[in-house]
Each structure stands twice: as C-alpha cells, then as structure tokens.
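S.K.: start_32.csv is reproduced in full below (CSV, C-alpha atoms (C1' of nucleotides)).
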chain,number,residue,atom,x,y,z
A,1,MET,CA,40.0,9.7,-6.0
A,2,GLU,CA,40.1,13.5,-6.1
A,3,LYS,CA,41.0,15.4,-3.0
A,4,TRP,CA,39.7,19.0,-2.5
A,5,SER,CA,41.6,21.7,-0.7
A,6,THR,CA,39.8,23.8,1.9
A,7,ALA,CA,39.7,26.6,-0.6
A,8,THR,CA,38.0,24.4,-3.2
A,9,ILE,CA,35.5,23.2,-0.6
A,10,ARG,CA,34.6,26.8,0.2
A,11,GLU,CA,34.1,27.7,-3.4
A,12,PHE,CA,32.1,24.5,-4.0
A,13,ARG,CA,29.7,25.4,-1.1
A,14,GLN,CA,29.3,28.9,-2.3
A,15,THR,CA,28.6,27.9,-5.9
A,16,LEU,CA,26.2,25.1,-5.0
A,17,LEU,CA,24.2,27.1,-2.5
A,18,ALA,CA,24.0,30.1,-4.8
A,19,TRP,CA,22.5,27.9,-7.4
A,20,TYR,CA,20.1,26.2,-4.9
A,21,ASP,CA,18.9,29.6,-3.6
A,22,ARG,CA,18.2,30.6,-7.2
A,23,GLU,CA,16.8,27.4,-8.7
A,24,GLY,CA,16.0,25.0,-5.9
A,25,ARG,CA,12.7,23.3,-6.2
A,26,ASP,CA,9.6,24.6,-4.4
A,27,LEU,CA,8.2,21.4,-2.8
A,28,PRO,CA,5.3,21.1,-0.3
A,29,TRP,CA,7.6,19.8,2.4
A,30,ARG,CA,10.1,22.7,1.9
A,31,HIS,CA,7.6,25.4,3.1
A,32,ASP,CA,8.9,25.1,6.6
A,33,GLN,CA,11.4,23.1,8.7
A,34,ASP,CA,8.9,21.3,10.8
A,35,PRO,CA,10.6,18.0,11.7
A,36,TYR,CA,7.2,16.1,11.2
A,37,HIS,CA,7.0,17.5,7.6
A,38,VAL,CA,10.6,16.7,6.9
A,39,TRP,CA,10.3,13.2,8.4
A,40,VAL,CA,7.1,12.1,6.5
A,41,SER,CA,8.5,13.5,3.2
A,42,GLU,CA,11.8,11.7,3.6
A,43,ILE,CA,10.1,8.4,4.4
A,44,MET,CA,7.8,8.7,1.4
A,45,LEU,CA,10.7,9.7,-0.9
A,46,GLN,CA,12.7,6.5,-0.1
A,47,GLN,CA,13.1,4.8,-3.5
A,48,THR,CA,10.2,6.9,-4.8
A,49,GLN,CA,10.2,9.8,-7.3
A,50,VAL,CA,9.2,13.3,-6.2
A,51,GLN,CA,6.3,13.7,-8.5
A,52,THR,CA,4.8,10.4,-7.2
A,53,VAL,CA,5.2,11.6,-3.6
A,54,ILE,CA,3.6,15.0,-3.8
A,55,PRO,CA,-0.1,14.0,-3.9
A,56,TYR,CA,0.4,11.4,-1.3
A,57,TYR,CA,2.2,13.9,1.0
A,58,LEU,CA,-0.5,16.5,0.7
A,59,ASN,CA,-3.2,13.9,1.4
A,60,PHE,CA,-1.3,12.5,4.3
A,61,MET,CA,-0.8,15.8,6.0
A,62,ALA,CA,-4.6,16.5,5.5
A,63,MET,CA,-5.4,13.2,7.2
A,64,PHE,CA,-2.7,13.2,9.8
A,65,PRO,CA,-1.7,16.8,10.6
A,66,THR,CA,0.5,16.0,13.6
A,67,VAL,CA,2.6,13.2,15.1
A,68,ALA,CA,-0.2,12.6,17.7
A,69,ASP,CA,-2.7,12.2,14.9
A,70,LEU,CA,-0.5,9.7,13.2
A,71,ALA,CA,0.1,7.8,16.4
A,72,GLN,CA,-3.6,7.4,17.0
A,73,ALA,CA,-4.7,6.6,13.5
A,74,PRO,CA,-6.5,3.3,12.7
A,75,GLU,CA,-4.0,1.1,10.8
A,76,GLU,CA,-6.4,0.5,8.0
A,77,GLN,CA,-6.8,4.2,7.4
A,78,LEU,CA,-3.0,4.6,7.4
A,79,LEU,CA,-2.5,1.7,4.9
A,80,LYS,CA,-5.2,3.1,2.6
A,81,ALA,CA,-3.4,6.5,2.6
A,82,TRP,CA,-0.2,4.7,1.6
A,83,GLN,CA,-1.8,2.4,-1.0
A,84,GLY,CA,0.1,2.7,-4.3
A,85,LEU,CA,3.3,4.1,-2.7
A,86,GLY,CA,4.8,0.7,-2.2
A,87,TYR,CA,7.3,-0.6,0.4
A,88,TYR,CA,4.4,-0.7,2.8
A,89,SER,CA,6.4,-1.4,5.9
A,90,ARG,CA,7.4,2.2,5.7
A,91,ALA,CA,3.9,3.2,6.7
A,92,ARG,CA,3.7,0.9,9.6
A,93,ASN,CA,7.2,1.9,10.8
A,94,LEU,CA,6.1,5.5,10.5
A,95,GLN,CA,3.3,4.9,12.9
A,96,ARG,CA,5.5,2.9,15.3
A,97,ALA,CA,8.0,5.8,15.4
A,98,ALA,CA,5.1,8.3,16.0
A,99,ARG,CA,4.1,6.2,19.0
A,100,GLN,CA,7.8,6.1,20.1
A,101,LEU,CA,7.8,9.9,19.9
A,102,VAL,CA,4.6,10.2,22.0
A,103,ASP,CA,5.4,7.5,24.5
A,104,ASP,CA,9.2,7.5,24.9
A,105,TYR,CA,10.1,11.1,24.0
A,106,ARG,CA,7.0,12.8,25.5
A,107,GLY,CA,6.4,14.4,22.1
A,108,LYS,CA,9.8,16.1,22.1
A,109,TRP,CA,11.9,15.3,19.0
A,110,PRO,CA,15.5,14.0,19.4
A,111,GLN,CA,17.5,16.5,17.5
A,112,THR,CA,20.7,14.7,16.4
A,113,ALA,CA,21.2,12.1,13.7
A,114,ALA,CA,22.6,9.7,16.3
A,115,GLU,CA,19.5,9.9,18.4
A,116,LEU,CA,17.1,9.9,15.5
A,117,LEU,CA,18.4,6.4,14.5
A,118,ASP,CA,16.5,5.0,17.5
A,119,LEU,CA,13.2,5.7,15.7
A,120,THR,CA,11.9,2.7,13.7
A,121,GLY,CA,12.2,3.3,10.0
A,122,ILE,CA,14.9,6.0,10.3
A,123,GLY,CA,18.2,4.8,9.0
A,124,PRO,CA,21.5,6.6,8.4
A,125,TYR,CA,20.3,8.6,5.5
A,126,THR,CA,17.0,9.8,6.9
A,127,ALA,CA,18.6,10.6,10.3
A,128,GLY,CA,21.1,12.8,8.5
A,129,ALA,CA,18.4,14.5,6.4
A,130,ILE,CA,16.1,15.3,9.4
A,131,ALA,CA,19.0,16.3,11.7
A,132,SER,CA,20.4,18.7,9.1
A,133,ILE,CA,17.2,20.1,7.6
A,134,ALA,CA,15.0,20.4,10.7
A,135,PHE,CA,17.7,20.9,13.4
A,136,GLY,CA,20.7,22.3,11.6
A,137,GLU,CA,23.1,19.6,12.6
A,138,VAL,CA,26.2,19.5,10.4
A,139,VAL,CA,26.0,16.0,9.0
A,140,PRO,CA,25.7,14.6,5.5
A,141,ALA,CA,22.6,12.8,4.2
A,142,VAL,CA,24.0,10.1,2.0
A,143,ASP,CA,21.3,8.8,-0.4
A,144,GLY,CA,21.5,7.7,-4.0
A,145,ASN,CA,21.9,11.3,-5.1
A,146,ALA,CA,24.9,11.9,-2.8
A,147,PHE,CA,26.4,8.6,-4.1
A,148,ARG,CA,26.0,9.7,-7.7
A,149,VAL,CA,27.0,13.3,-7.3
A,150,PHE,CA,30.1,12.8,-5.2
A,151,SER,CA,31.3,9.7,-7.0
A,152,ARG,CA,31.4,11.8,-10.2
A,153,LEU,CA,32.8,15.0,-8.6
A,154,LEU,CA,35.6,13.1,-6.9
A,155,LEU,CA,36.0,10.0,-9.0
A,156,ILE,CA,35.1,7.6,-6.2
A,157,ASP,CA,35.0,4.1,-7.7
A,158,ALA,CA,33.8,2.2,-4.6
A,159,ASP,CA,30.8,0.0,-5.4
A,160,ILE,CA,27.7,1.8,-4.0
A,161,ALA,CA,25.8,-1.5,-3.9
A,162,LYS,CA,28.0,-2.6,-1.0
A,163,PRO,CA,26.7,-1.5,2.5
A,164,GLN,CA,30.2,-0.6,3.7
A,165,THR,CA,30.6,2.0,1.0
A,166,ARG,CA,28.2,4.4,2.7
A,167,LYS,CA,30.7,4.9,5.5
A,168,LEU,CA,33.4,6.0,3.0
A,169,PHE,CA,31.0,8.5,1.4
A,170,GLU,CA,30.0,9.9,4.9
A,171,GLN,CA,33.6,10.4,5.7
A,172,VAL,CA,34.3,12.1,2.4
A,173,ILE,CA,31.2,14.3,2.4
A,174,GLN,CA,31.3,15.3,6.1
A,175,PRO,CA,34.0,18.0,5.8
A,176,ILE,CA,32.4,19.4,2.6
A,177,VAL,CA,28.9,20.0,4.2
A,178,ASP,CA,28.4,23.7,4.7
A,179,PRO,CA,28.6,24.3,8.5
A,180,GLN,CA,26.3,27.3,8.2
A,181,ARG,CA,23.6,25.7,6.1
A,182,PRO,CA,23.8,21.9,6.3
A,183,GLY,CA,20.1,21.3,5.5
A,184,ALA,CA,20.3,23.5,2.4
A,185,PHE,CA,23.5,21.9,1.4
A,186,ASN,CA,22.1,18.4,1.5
A,187,GLN,CA,19.0,19.3,-0.3
A,188,ALA,CA,21.0,21.1,-3.0
A,189,ILE,CA,22.9,17.9,-3.6
A,190,MET,CA,19.6,16.1,-4.0
A,191,ASP,CA,18.3,18.7,-6.5
A,192,LEU,CA,21.6,18.5,-8.4
A,193,GLY,CA,21.3,14.7,-8.5
A,194,SER,CA,17.8,15.0,-10.0
A,195,SER,CA,18.6,17.6,-12.6
A,196,TYR,CA,22.1,17.9,-14.1
A,197,MET,CA,23.6,14.9,-12.5
A,198,THR,CA,21.0,12.2,-13.1
A,199,ALA,CA,21.7,8.5,-13.5
A,200,LYS,CA,20.6,8.6,-17.2
A,201,ASN,CA,20.7,11.5,-19.6
A,202,SER,CA,22.7,13.7,-17.3
A,203,ASP,CA,23.8,17.1,-18.4
A,204,PRO,CA,27.1,17.8,-16.7
A,205,ALA,CA,28.1,20.4,-19.2
A,206,HIS,CA,25.4,22.8,-17.9
A,207,SER,CA,25.7,21.9,-14.2
A,208,PRO,CA,26.3,24.7,-11.9
A,209,VAL,CA,29.2,22.8,-10.4
A,210,ARG,CA,30.8,21.6,-13.6
A,211,ALA,CA,34.0,23.3,-12.7
A,212,PHE,CA,34.3,20.8,-9.7
A,213,ASP,CA,33.2,17.8,-11.7
A,214,ALA,CA,36.3,15.5,-12.3
A,215,SER,CA,34.2,13.0,-14.3
A,216,TYR,CA,33.1,15.7,-16.7
A,217,ARG,CA,36.6,17.1,-17.0
A,218,GLU,CA,38.0,13.6,-17.8
A,219,ASN,CA,35.0,12.6,-19.9
A,220,CYS,CA,34.0,9.6,-17.8
A,221,VAL,CA,30.7,10.7,-16.4
A,222,ALA,CA,29.0,7.5,-17.5
A,223,ASP,CA,31.5,5.4,-15.5
A,224,PHE,CA,30.1,6.7,-12.2
A,225,PRO,CA,28.8,5.6,-9.8
A,226,VAL,CA,30.1,2.1,-9.8
A,227,LYS,CA,27.2,-0.2,-8.9
A,228,THR,CA,26.8,-4.0,-9.2
A,229,LYS,CA,23.6,-5.2,-10.8
A,230,ALA,CA,20.8,-6.6,-8.8
A,231,PRO,CA,19.7,-10.2,-9.5
A,232,ARG,CA,16.6,-10.7,-11.6
A,233,PRO,CA,13.4,-11.5,-9.8
A,234,ARG,CA,12.6,-15.2,-9.6
A,235,PRO,CA,9.3,-16.5,-10.9
A,236,VAL,CA,6.9,-17.5,-8.1
A,237,PRO,CA,3.7,-19.3,-9.3
A,238,TYR,CA,0.5,-18.7,-7.3
A,239,TYR,CA,-3.2,-19.6,-7.4
A,240,GLY,CA,-5.6,-16.8,-6.9
A,241,LEU,CA,-9.1,-17.9,-5.6
A,242,ILE,CA,-12.1,-15.8,-6.6
A,243,VAL,CA,-14.8,-17.2,-4.3
A,244,THR,CA,-18.1,-15.5,-4.6
A,245,SER,CA,-21.4,-15.7,-2.7
A,246,PRO,CA,-24.4,-13.5,-2.3
A,247,ALA,CA,-22.4,-11.8,0.5
A,248,GLY,CA,-19.6,-10.8,-1.9
A,249,TYR,CA,-16.1,-11.9,-2.4
A,250,LEU,CA,-13.9,-13.9,0.0
A,251,MET,CA,-11.0,-11.6,1.1
A,252,VAL,CA,-8.1,-12.2,3.4
A,253,GLN,CA,-5.8,-9.7,5.2
A,254,ARG,CA,-2.1,-10.5,4.9
A,255,ASP,CA,-0.4,-11.2,8.2
A,256,ALA,CA,2.9,-10.0,9.6
A,257,THR,CA,4.9,-13.0,8.3
A,258,GLN,CA,4.0,-12.0,4.7
A,259,MET,CA,4.9,-9.2,2.4
A,260,LEU,CA,2.1,-6.6,1.8
A,261,THR,CA,1.3,-7.0,5.5
A,262,GLY,CA,-2.1,-5.6,6.5
A,263,TYR,CA,-3.3,-5.3,2.9
A,264,TRP,CA,-6.3,-7.3,1.5
A,265,THR,CA,-6.3,-9.7,-1.3
A,266,PHE,CA,-8.2,-12.7,-2.7
A,267,PRO,CA,-6.9,-15.9,-1.1
A,268,LEU,CA,-3.5,-16.5,-2.7
A,269,ILE,CA,-1.8,-19.9,-2.4
A,270,GLN,CA,1.8,-20.4,-3.6
A,271,GLN,CA,1.8,-23.4,-5.9
A,272,ALA,CA,4.9,-24.8,-4.1
A,273,ASP,CA,2.8,-25.0,-0.9
A,274,LEU,CA,0.5,-27.5,-2.5
A,275,GLN,CA,3.2,-30.2,-3.0
A,276,ASP,CA,2.1,-33.4,-1.5
A,277,ALA,CA,5.0,-35.6,-0.3
A,278,THR,CA,2.9,-38.7,-1.0
A,279,ASP,CA,2.4,-37.8,-4.6
A,280,GLN,CA,4.6,-39.8,-7.0
A,281,GLN,CA,3.5,-37.7,-10.0
A,282,PRO,CA,4.3,-34.1,-10.6
A,283,ALA,CA,1.6,-31.6,-9.9
A,284,THR,CA,-0.8,-30.6,-12.6
A,285,LEU,CA,-3.6,-28.0,-12.7
A,286,GLN,CA,-6.1,-30.8,-12.0
A,287,THR,CA,-4.3,-32.3,-9.0
A,288,ASP,CA,-3.6,-28.8,-7.6
A,289,ILE,CA,-7.3,-27.9,-7.9
A,290,ALA,CA,-8.2,-31.2,-6.1
A,291,HIS,CA,-5.8,-30.4,-3.3
A,292,LEU,CA,-7.2,-26.9,-2.9
A,293,GLU,CA,-10.8,-28.1,-2.8
A,294,GLN,CA,-9.8,-30.7,-0.3
A,295,ARG,CA,-7.9,-28.2,1.9
A,296,PHE,CA,-10.9,-25.8,1.9
A,297,MET,CA,-13.2,-28.7,3.0
A,298,THR,CA,-11.0,-30.3,5.7
A,299,ASP,CA,-9.3,-27.1,7.1
A,300,TYR,CA,-12.0,-24.6,6.7
A,301,GLN,CA,-15.3,-26.6,6.3
A,302,LEU,CA,-15.8,-24.7,3.1
A,303,PRO,CA,-17.1,-26.8,0.2
A,304,ILE,CA,-16.0,-25.1,-3.1
A,305,THR,CA,-15.7,-26.2,-6.7
A,306,LEU,CA,-12.9,-24.4,-8.5
A,307,THR,CA,-12.9,-23.6,-12.2
A,308,PRO,CA,-9.9,-22.1,-14.0
A,309,LEU,CA,-10.4,-18.7,-15.5
A,310,SER,CA,-9.3,-18.5,-19.1
A,311,GLY,CA,-6.2,-16.5,-20.1
A,312,GLN,CA,-2.6,-16.3,-19.1
A,313,PRO,CA,-1.7,-16.0,-15.4
A,314,VAL,CA,-1.7,-12.4,-14.0
A,315,SER,CA,1.9,-11.3,-13.7
A,316,HIS,CA,3.2,-8.9,-11.1
A,317,THR,CA,6.8,-8.1,-10.6
A,318,TYR,CA,8.4,-7.1,-7.3
A,319,THR,CA,12.1,-6.3,-6.6
A,320,HIS,CA,12.9,-10.0,-5.9
A,321,GLN,CA,9.9,-12.0,-7.1
A,322,ARG,CA,7.8,-12.2,-10.2
A,323,TRP,CA,4.4,-13.5,-9.2
A,324,GLN,CA,2.4,-15.5,-11.8
A,325,VAL,CA,-1.1,-15.9,-10.5
A,326,LYS,CA,-3.5,-18.4,-12.1
A,327,LEU,CA,-7.1,-17.5,-11.2
A,328,LEU,CA,-9.6,-20.1,-10.1
A,329,VAL,CA,-13.3,-19.3,-9.6
A,330,ALA,CA,-15.8,-20.8,-7.2
A,331,GLU,CA,-19.4,-19.5,-7.0
A,332,LEU,CA,-21.4,-20.3,-3.9
A,333,SER,CA,-25.1,-20.0,-3.9
A,334,SER,CA,-25.2,-18.9,-0.2
A,335,ALA,CA,-22.7,-17.1,2.1
A,336,ALA,CA,-20.9,-19.9,3.8
A,337,ASP,CA,-20.0,-19.7,7.5
A,338,LEU,CA,-16.4,-18.4,7.9
A,339,THR,CA,-15.9,-19.6,11.5
A,340,PHE,CA,-12.9,-21.7,10.4
A,341,TYR,CA,-11.6,-19.4,7.7
A,342,PRO,CA,-9.4,-16.4,8.5
A,343,GLY,CA,-11.1,-14.1,6.0
A,344,LYS,CA,-14.4,-12.3,5.4
A,345,TRP,CA,-17.0,-11.7,2.8
A,346,VAL,CA,-16.7,-8.3,1.2
A,347,ALA,CA,-19.5,-6.8,-0.9
A,348,ALA,CA,-18.3,-5.9,-4.4
A,349,SER,CA,-19.2,-2.3,-3.9
A,350,THR,CA,-17.0,-1.9,-0.8
A,351,ILE,CA,-13.9,-3.9,-1.8
A,352,LYS,CA,-12.2,-0.7,-3.0
A,353,THR,CA,-12.6,0.9,0.4
A,354,LEU,CA,-10.1,-1.6,1.7
A,355,PRO,CA,-6.3,-1.1,1.4
A,356,LEU,CA,-5.4,-3.1,-1.7
A,357,PRO,CA,-2.0,-3.8,-3.2
A,358,LYS,CA,-1.5,-3.4,-6.9
A,359,VAL,CA,-1.5,-7.2,-7.6
A,360,GLN,CA,-5.1,-7.4,-6.1
A,361,GLU,CA,-6.2,-4.6,-8.5
A,362,LYS,CA,-4.7,-6.6,-11.4
A,363,LEU,CA,-6.6,-9.7,-10.3
A,364,MET,CA,-9.9,-7.8,-10.1
A,365,THR,CA,-9.3,-6.2,-13.5
A,366,ARG,CA,-8.6,-9.6,-15.0
A,367,TYR,CA,-11.8,-11.1,-13.6
A,368,GLN,CA,-13.8,-8.2,-15.0
A,369,ASN,CA,-12.3,-8.6,-18.4
A,370,GLN,CA,-13.0,-12.3,-18.5
A,371,GLY,CA,-16.8,-12.0,-18.6
A,372,HIS,CA,-17.7,-10.3,-15.3
A,373,PRO,CA,-18.0,-6.6,-16.4
A,374,ALA,CA,-20.3,-5.7,-13.5
A,375,ALA,CA,-17.9,-6.9,-10.8
A,376,PHE,CA,-16.5,-4.4,-8.3
A,377,LYS,CA,-18.4,-1.5,-9.8
A,378,GLN,CA,-18.6,1.2,-7.1
A,379,ASN,CA,-22.1,2.2,-6.2
B,380,DT,C1',26.5,-9.5,4.9
B,381,DA,C1',23.1,-10.6,1.7
B,382,DC,C1',18.6,-10.6,1.0
B,383,DC,C1',13.9,-8.9,1.5
B,384,DC,C1',10.6,-5.3,0.6
B,385,DG,C1',6.4,-2.1,-4.2
B,386,DT,C1',5.3,0.9,-7.5
B,387,DG,C1',5.4,4.1,-11.4
B,388,DG,C1',8.2,6.6,-14.7
B,389,DA,C1',11.5,6.8,-18.5
B,390,DC,C1',13.6,4.8,-22.3
C,391,DT,C1',8.1,-4.8,-23.7
C,392,DG,C1',11.9,-5.4,-20.8
C,393,DT,C1',14.9,-3.0,-18.1
C,394,DC,C1',16.7,0.2,-15.1
C,395,DC,C1',15.9,3.7,-11.9
C,396,DA,C1',13.9,6.6,-7.9
C,397,DA,C1',15.5,11.3,-1.2
C,398,DG,C1',16.6,3.3,2.0
C,399,DG,C1',15.6,0.5,6.1
C,400,DG,C1',14.9,-4.0,8.5
C,401,DT,C1',16.6,-8.4,9.4
Take the structure in the file and give it back as structure tokens.
M.R.:
Amino acid sequence: MEKWSTATIREFRQTLLAWYDREGRDLPWRHDQDPYHVWVSEIMLQQTQVQTVIPYYLNFMAMFPTVADLAQAPEEQLLKAWQGLGYYSRARNLQRAARQLVDDYRGKWPQTAAELLDLTGIGPYTAGAIASIAFGEVVPAVDGNAFRVFSRLLLIDADIAKPQTRKLFEQVIQPIVDPQRPGAFNQAIMDLGSSYMTAKNSDPAHSPVRAFDASYRENCVADFPVKTKAPRPRPVPYYGLIVTSPAGYLMVQRDATQMLTGYWTFPLIQQADLQDATDQQPATLQTDIAHLEQRFMTDYQLPITLTPLSGQPVSHTYTHQRWQVKLLVAELSSAADLTFYPGKWVAASTIKTLPLPKVQEKLMTRYQNQGHPAAFKQN
DNA sequence: TACCCGTGGAC
DNA sequence: TGTCCAAGGGT
C-alpha cells in the first residue's frame, strides 16, 4: 500500500478540486446544498446509475417538495413514485426517516455523520455524504467509487466485498479529505470514479490525478479493486395465477414479510410451498394445479379452474433469486366474493395505476402476447 | 458475518 | 444472451 506525505495530500486535493470545479457534473441535486435534496438523491443513487435517477429525482421533488410532504404522503403514492427504481425498501425507509425528522427531531436536521446514522436507511456512506455535502463536516463518504479510486491510487488490495474493509478505507481517506471543502472533495471522487476511473473501460492515462495513480504507474489498474464474486442467483419456481372476472383481475398486495413489500401482483405461489407431505409421488403440473384449486376452495371459498398458459415460464432475475413463473389462467363468469381472500378485483384499465414491480409487468405482457391483446389497455 | 434486497445499462 | 456493474443498508 502506498503512503502519501502531507505535501502529496495537499497537491492531490488541489489537483482534484481544480478539475472538479472545471469539469464536475451539473446534476439536479447539486443546485444547492439543501440536506433534503442531498438525502433523497443519495438514497436514490444507491446501487443505481445517475442517468436512471435524474427523472425519478425530478418527479419526486415535484411530488414531495419537503420533508413534511414526504412524511405525510400516502404510501401507495410513494411506492408509485419509486416504481422501477428497485430496492423498494429504500422508499419506505425514506418515509420512516422523514417521520423521524418531523417527530423526533422537530424538523431540525442532525448535522453530523454520527447523528445521521440514527435515521432509517442512512448507513455509513450516506451519513458521510450528507454530513460533508450539506453540513461541511470533514468526513469521507466511502462508496463504490471511493473503494475503486483509492484502491487504485494507493494499491490497497483488501477485498472490498468484506464489510470490515470499509473501516480501513475510512481510516485511509479521512486525512486526505479536504478540510476546507469536504463535500466537494467527496463528490469529486465520485465524478472521478464515474469517468476516468470506472470499473470497466477506465481511462487512467487522461485522468486529472494520473500523477497520483500508483496502479497506472505500475500498469496494474485492472487488478484493483480486489472484490470476490457474488454467488449466482438460485432458480425459484413459481406459479402465477391470472384470475379474471367481470370485475377485473385478482390482485394481491405483498406484505412486510416478503420482498417487493407494498407492491401489487397477481397471486404468486412458490412451487415449493405446494409440497404435500402425504404425497408419495413427486409434484407434477397436474398435481400442483389440483392442490392450488383445492386450496382456493377450502382456504378462500373461491372455486376456480386453472388452465396452463402456453409458452416458457416468465423469467425474472433478482440479485439472489431467479424467478421462473408458470402462468395459470382461471376465468370466472361473475365476480366472486373476496371475504376470505386477501386481495381485490382490479379493473384492467386501472391496474397500471397501482404500484407494480417489474415482474408483474412481465406477467401482464406475457398474458397479452398469448392471445389476450386487449388486456390491460389503458382507457 | 453472511445474506437479503431490484432494475437498467453496457459489453 | 449472459454477465457484471451502478453514489448501500437492514438484519
């Protein structure tokens, strides 16, 4: 690992910030230092590219201009505004924290990274980002960019996939952060990490800080950062039920024990949940359908007859799971009573006003493409 | 600690 | 088309 002198640190700050002042990106959340603006942008930017975030950020600020507006927003409106951004707990945590600010902090922001950590959804990185950008605290903001940039500049070979490695980087970066302009320093590192010092196709030869880049000097840029690979997502087979009636489609809202909490889908049943201990034979499509029909009758008093939809299962990949959804269709001639079923009938024309996860959109597209072109047509 | 949590872009 | 990557946090 490289070790910089105090003189080198001074030169690095000056070079970096001069470049940032000249070529830093003009982004909507950089127009001021309002902590609400910084906060919302930082949450949206977690594991999400800048160009994806921009339209969401602009719409979010139009819908929820202040912390108080966010705290009071109906959850379904919030989830709709977040639809498509992914990692949906971010949205619900954002509102929880907004309510913490209103209720516990009387609307007055905590101004240090250590205090900001108390807000739901704000971790070490986001706390450092808000504290430095909005409040001028001299702290690092160690995200993927900081890992990548400093691992290359200083030849740090610690595995950034390990949680404990963040502490090492915080200790290394802390004395390098510009004490006069900590927010600009941290944002400059991010801009560097998304331009000349990217993960792939980096261009260290033209980087404004190439003179400080040990990995460039020693021709080993591609070796940094060191990061162990994530395991591949495991296949998870599902049945997706398209139950129609004159009242529309049967839809369910996912509960807090499930991923995609608060979003609406067709009824989805994991195939593994249909295993019957009394069965001696392995499950087949026919036996699973029989189980499903029986469950709807006995548990929900809903008589349905399920028919497989032709075609391969709808596939949707998450970070740790690969869903493979077989669609089964049941058409009811009248809108059955849903007293015993935790769902509701939704008219085809209004389905798309609900917050829907991507997998639900895929299911609807598949249904339309398999002989139901008029389904879900808006107005 | 190790694992869970979404989506779209780039190659 | 599969794979990796992108301004992480919660549990």
S.K.: Please compute the atom CA of Glu137 of chain A-atom CA of Pro182 of chain A distance, one decimal, in Å.
M.R.: 6.7 Å
S.K.: One decimal, Å: what's the distance from atom CA of Ser310 of chain A over to atom CA of Ala330 of chain A, could you say?
M.R.: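 Answer for the atom CA of Ser310 of chain A to atom CA of Ala330 of chain A separation: 13.8 Å.
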S.K.: Using all atoms listed in the file, find the residues of chain A whose closest atom to chain C is at most 7 Å away, then write them as JSON, numbers by chain.
M.R.: {"A": [42, 45, 46, 47, 48, 49, 121, 122, 123, 143, 190]}
S.K.: Please report as JSON lines every residue of segment 259-348 of chain A lying within 9 Å of segment 361-371 of chain A, along with the nearest atom pair and their distance in Å (one decimal), using all atoms listed in the file.
M.R.:
{"residue": "A:Thr265", "atom": "CA", "partner": "A:Glu361", "partner_atom": "CA", "distance": 8.8}
{"residue": "A:Phe266", "atom": "CA", "partner": "A:Leu363", "partner_atom": "CA", "distance": 8.3}
{"residue": "A:Leu309", "atom": "CA", "partner": "A:Gln370", "partner_atom": "CA", "distance": 7.5}
{"residue": "A:Ser310", "atom": "CA", "partner": "A:Gln370", "partner_atom": "CA", "distance": 7.2}
{"residue": "A:Gly311", "atom": "CA", "partner": "A:Gln370", "partner_atom": "CA", "distance": 8.2}
{"residue": "A:Val314", "atom": "CA", "partner": "A:Leu363", "partner_atom": "CA", "distance": 6.7}
{"residue": "A:Ser315", "atom": "CA", "partner": "A:Lys362", "partner_atom": "CA", "distance": 8.4}
{"residue": "A:His316", "atom": "CA", "partner": "A:Lys362", "partner_atom": "CA", "distance": 8.2}
{"residue": "A:Val325", "atom": "CA", "partner": "A:Leu363", "partner_atom": "CA", "distance": 8.3}
{"residue": "A:Leu327", "atom": "CA", "partner": "A:Leu363", "partner_atom": "CA", "distance": 7.9}
S.K.: For atom CA of Leu155 of chain A and atom CA of Met1 of chain A, quote the distance in Å rounded to one decimal.
M.R.: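 Atom-to-atom, atom CA of Leu155 of chain A and atom CA of Met1 of chain A are spaced 5.0 Å apart.
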S.K.: From the list A:Pro28, A:Gly107, A:Pro208, A:Pro163, which residue is nearest chain B when using all atoms listed in the file?
M.R.: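 Once distances to chain B are computed over all atoms listed in the file, the minimum belongs to A:Pro163.
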S.K.: What are the closest atom pairs, with distances in Å to one decimal, for each residue of chain B lying within 7 Å of chain A, using all atoms listed in the file, rows by chain and rising residue number, as CSV?
M.R.:
residue,atom,partner,partner_atom,distance
B:DC384,C1',A:Tyr87,CA,5.7
B:DG385,C1',A:Gly86,CA,3.8
B:DT386,C1',A:Gly86,CA,5.3
S.K.: Between A:Leu292, A:Ala230, A:Leu116, A:Ala7, which one has atoms that come closest to Ala129 of chain A, using only C-alpha atoms?
M.R.: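 Closest to Ala129 of chain A, using only C-alpha atoms: A:Leu116.
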S.K.: For Pro313 of chain A, list every protein, DNA or RNA residue within 9 Å, evaluated using all atoms listed in the file, and leave out those in the same chain fewer than 6 positions away; present the list as a PyMOL selection string.
M.R.: chain A and resi 237-239+324-327
S.K.: Around the point (11.2, -14.4, -8.7), in the coordinates given by the file, pick out the residues reaching within 6 Å, counting all atoms listed in the file, and return them as an MDAnalysis selection string.
M.R.: chainID A and resid 233:236 320:322
S.K.: Which one is closest to Trp4 of chain A: A:Ala71, A:Ala199, A:Val149, A:Ile176? Count all atoms listed in the file.
M.R.: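 Among the listed residues, A:Ile176 lies closest to Trp4 of chain A.
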S.K.: Which neighbours of Ala188 of chain A fall inside 7 Å, counting only C-alpha atoms (C1' of nucleotides), when residues of the same chain fewer than 3 positions from it are skipped, and could you give them as a PyMOL selection string?
M.R.: chain A and resi 16-17+20+24+184-185+191-192
S.K.: Which residue is closest to DA389 of chain B? Choose from A:Asn201, A:Thr244, A:Gln187, A:Thr307 and count all atoms listed in the file.
M.R.: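 Of the candidates, the smallest distance to DA389 of chain B is held by A:Asn201.
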S.K.: Using all atoms listed in the file, give me every residue within 10 Å of (-2.6, 4.6, 3.1) in file coordinates, as a PyMOL selection string.
M.R.: chain A and resi 56+59-60+63+75-86+88+91-92+263+354-356
S.K.: Based on the selection just made, write C-alpha atoms of those residues as a JSON list (two decimals), in the coordinates of the input.
M.R.:
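Once everything was written out, this is again.json:
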[["chain", "number", "residue", "atom", "x", "y", "z"],
["A", 56, "TYR", "CA", 0.40, 11.40, -1.30],
["A", 59, "ASN", "CA", -3.20, 13.90, 1.40],
["A", 60, "PHE", "CA", -1.30, 12.50, 4.30],
["A", 63, "MET", "CA", -5.40, 13.20, 7.20],
["A", 75, "GLU", "CA", -4.00, 1.10, 10.80],
["A", 76, "GLU", "CA", -6.40, 0.50, 8.00],
["A", 77, "GLN", "CA", -6.80, 4.20, 7.40],
["A", 78, "LEU", "CA", -3.00, 4.60, 7.40],
["A", 79, "LEU", "CA", -2.50, 1.70, 4.90],
["A", 80, "LYS", "CA", -5.20, 3.10, 2.60],
["A", 81, "ALA", "CA", -3.40, 6.50, 2.60],
["A", 82, "TRP", "CA", -0.20, 4.70, 1.60],
["A", 83, "GLN", "CA", -1.80, 2.40, -1.00],
["A", 84, "GLY", "CA", 0.10, 2.70, -4.30],
["A", 85, "LEU", "CA", 3.30, 4.10, -2.70],
["A", 86, "GLY", "CA", 4.80, 0.70, -2.20],
["A", 88, "TYR", "CA", 4.40, -0.70, 2.80],
["A", 91, "ALA", "CA", 3.90, 3.20, 6.70],
["A", 92, "ARG", "CA", 3.70, 0.90, 9.60],
["A", 263, "TYR", "CA", -3.30, -5.30, 2.90],
["A", 354, "LEU", "CA", -10.10, -1.60, 1.70],
["A", 355, "PRO", "CA", -6.30, -1.10, 1.40],
["A", 356, "LEU", "CA", -5.40, -3.10, -1.70]]
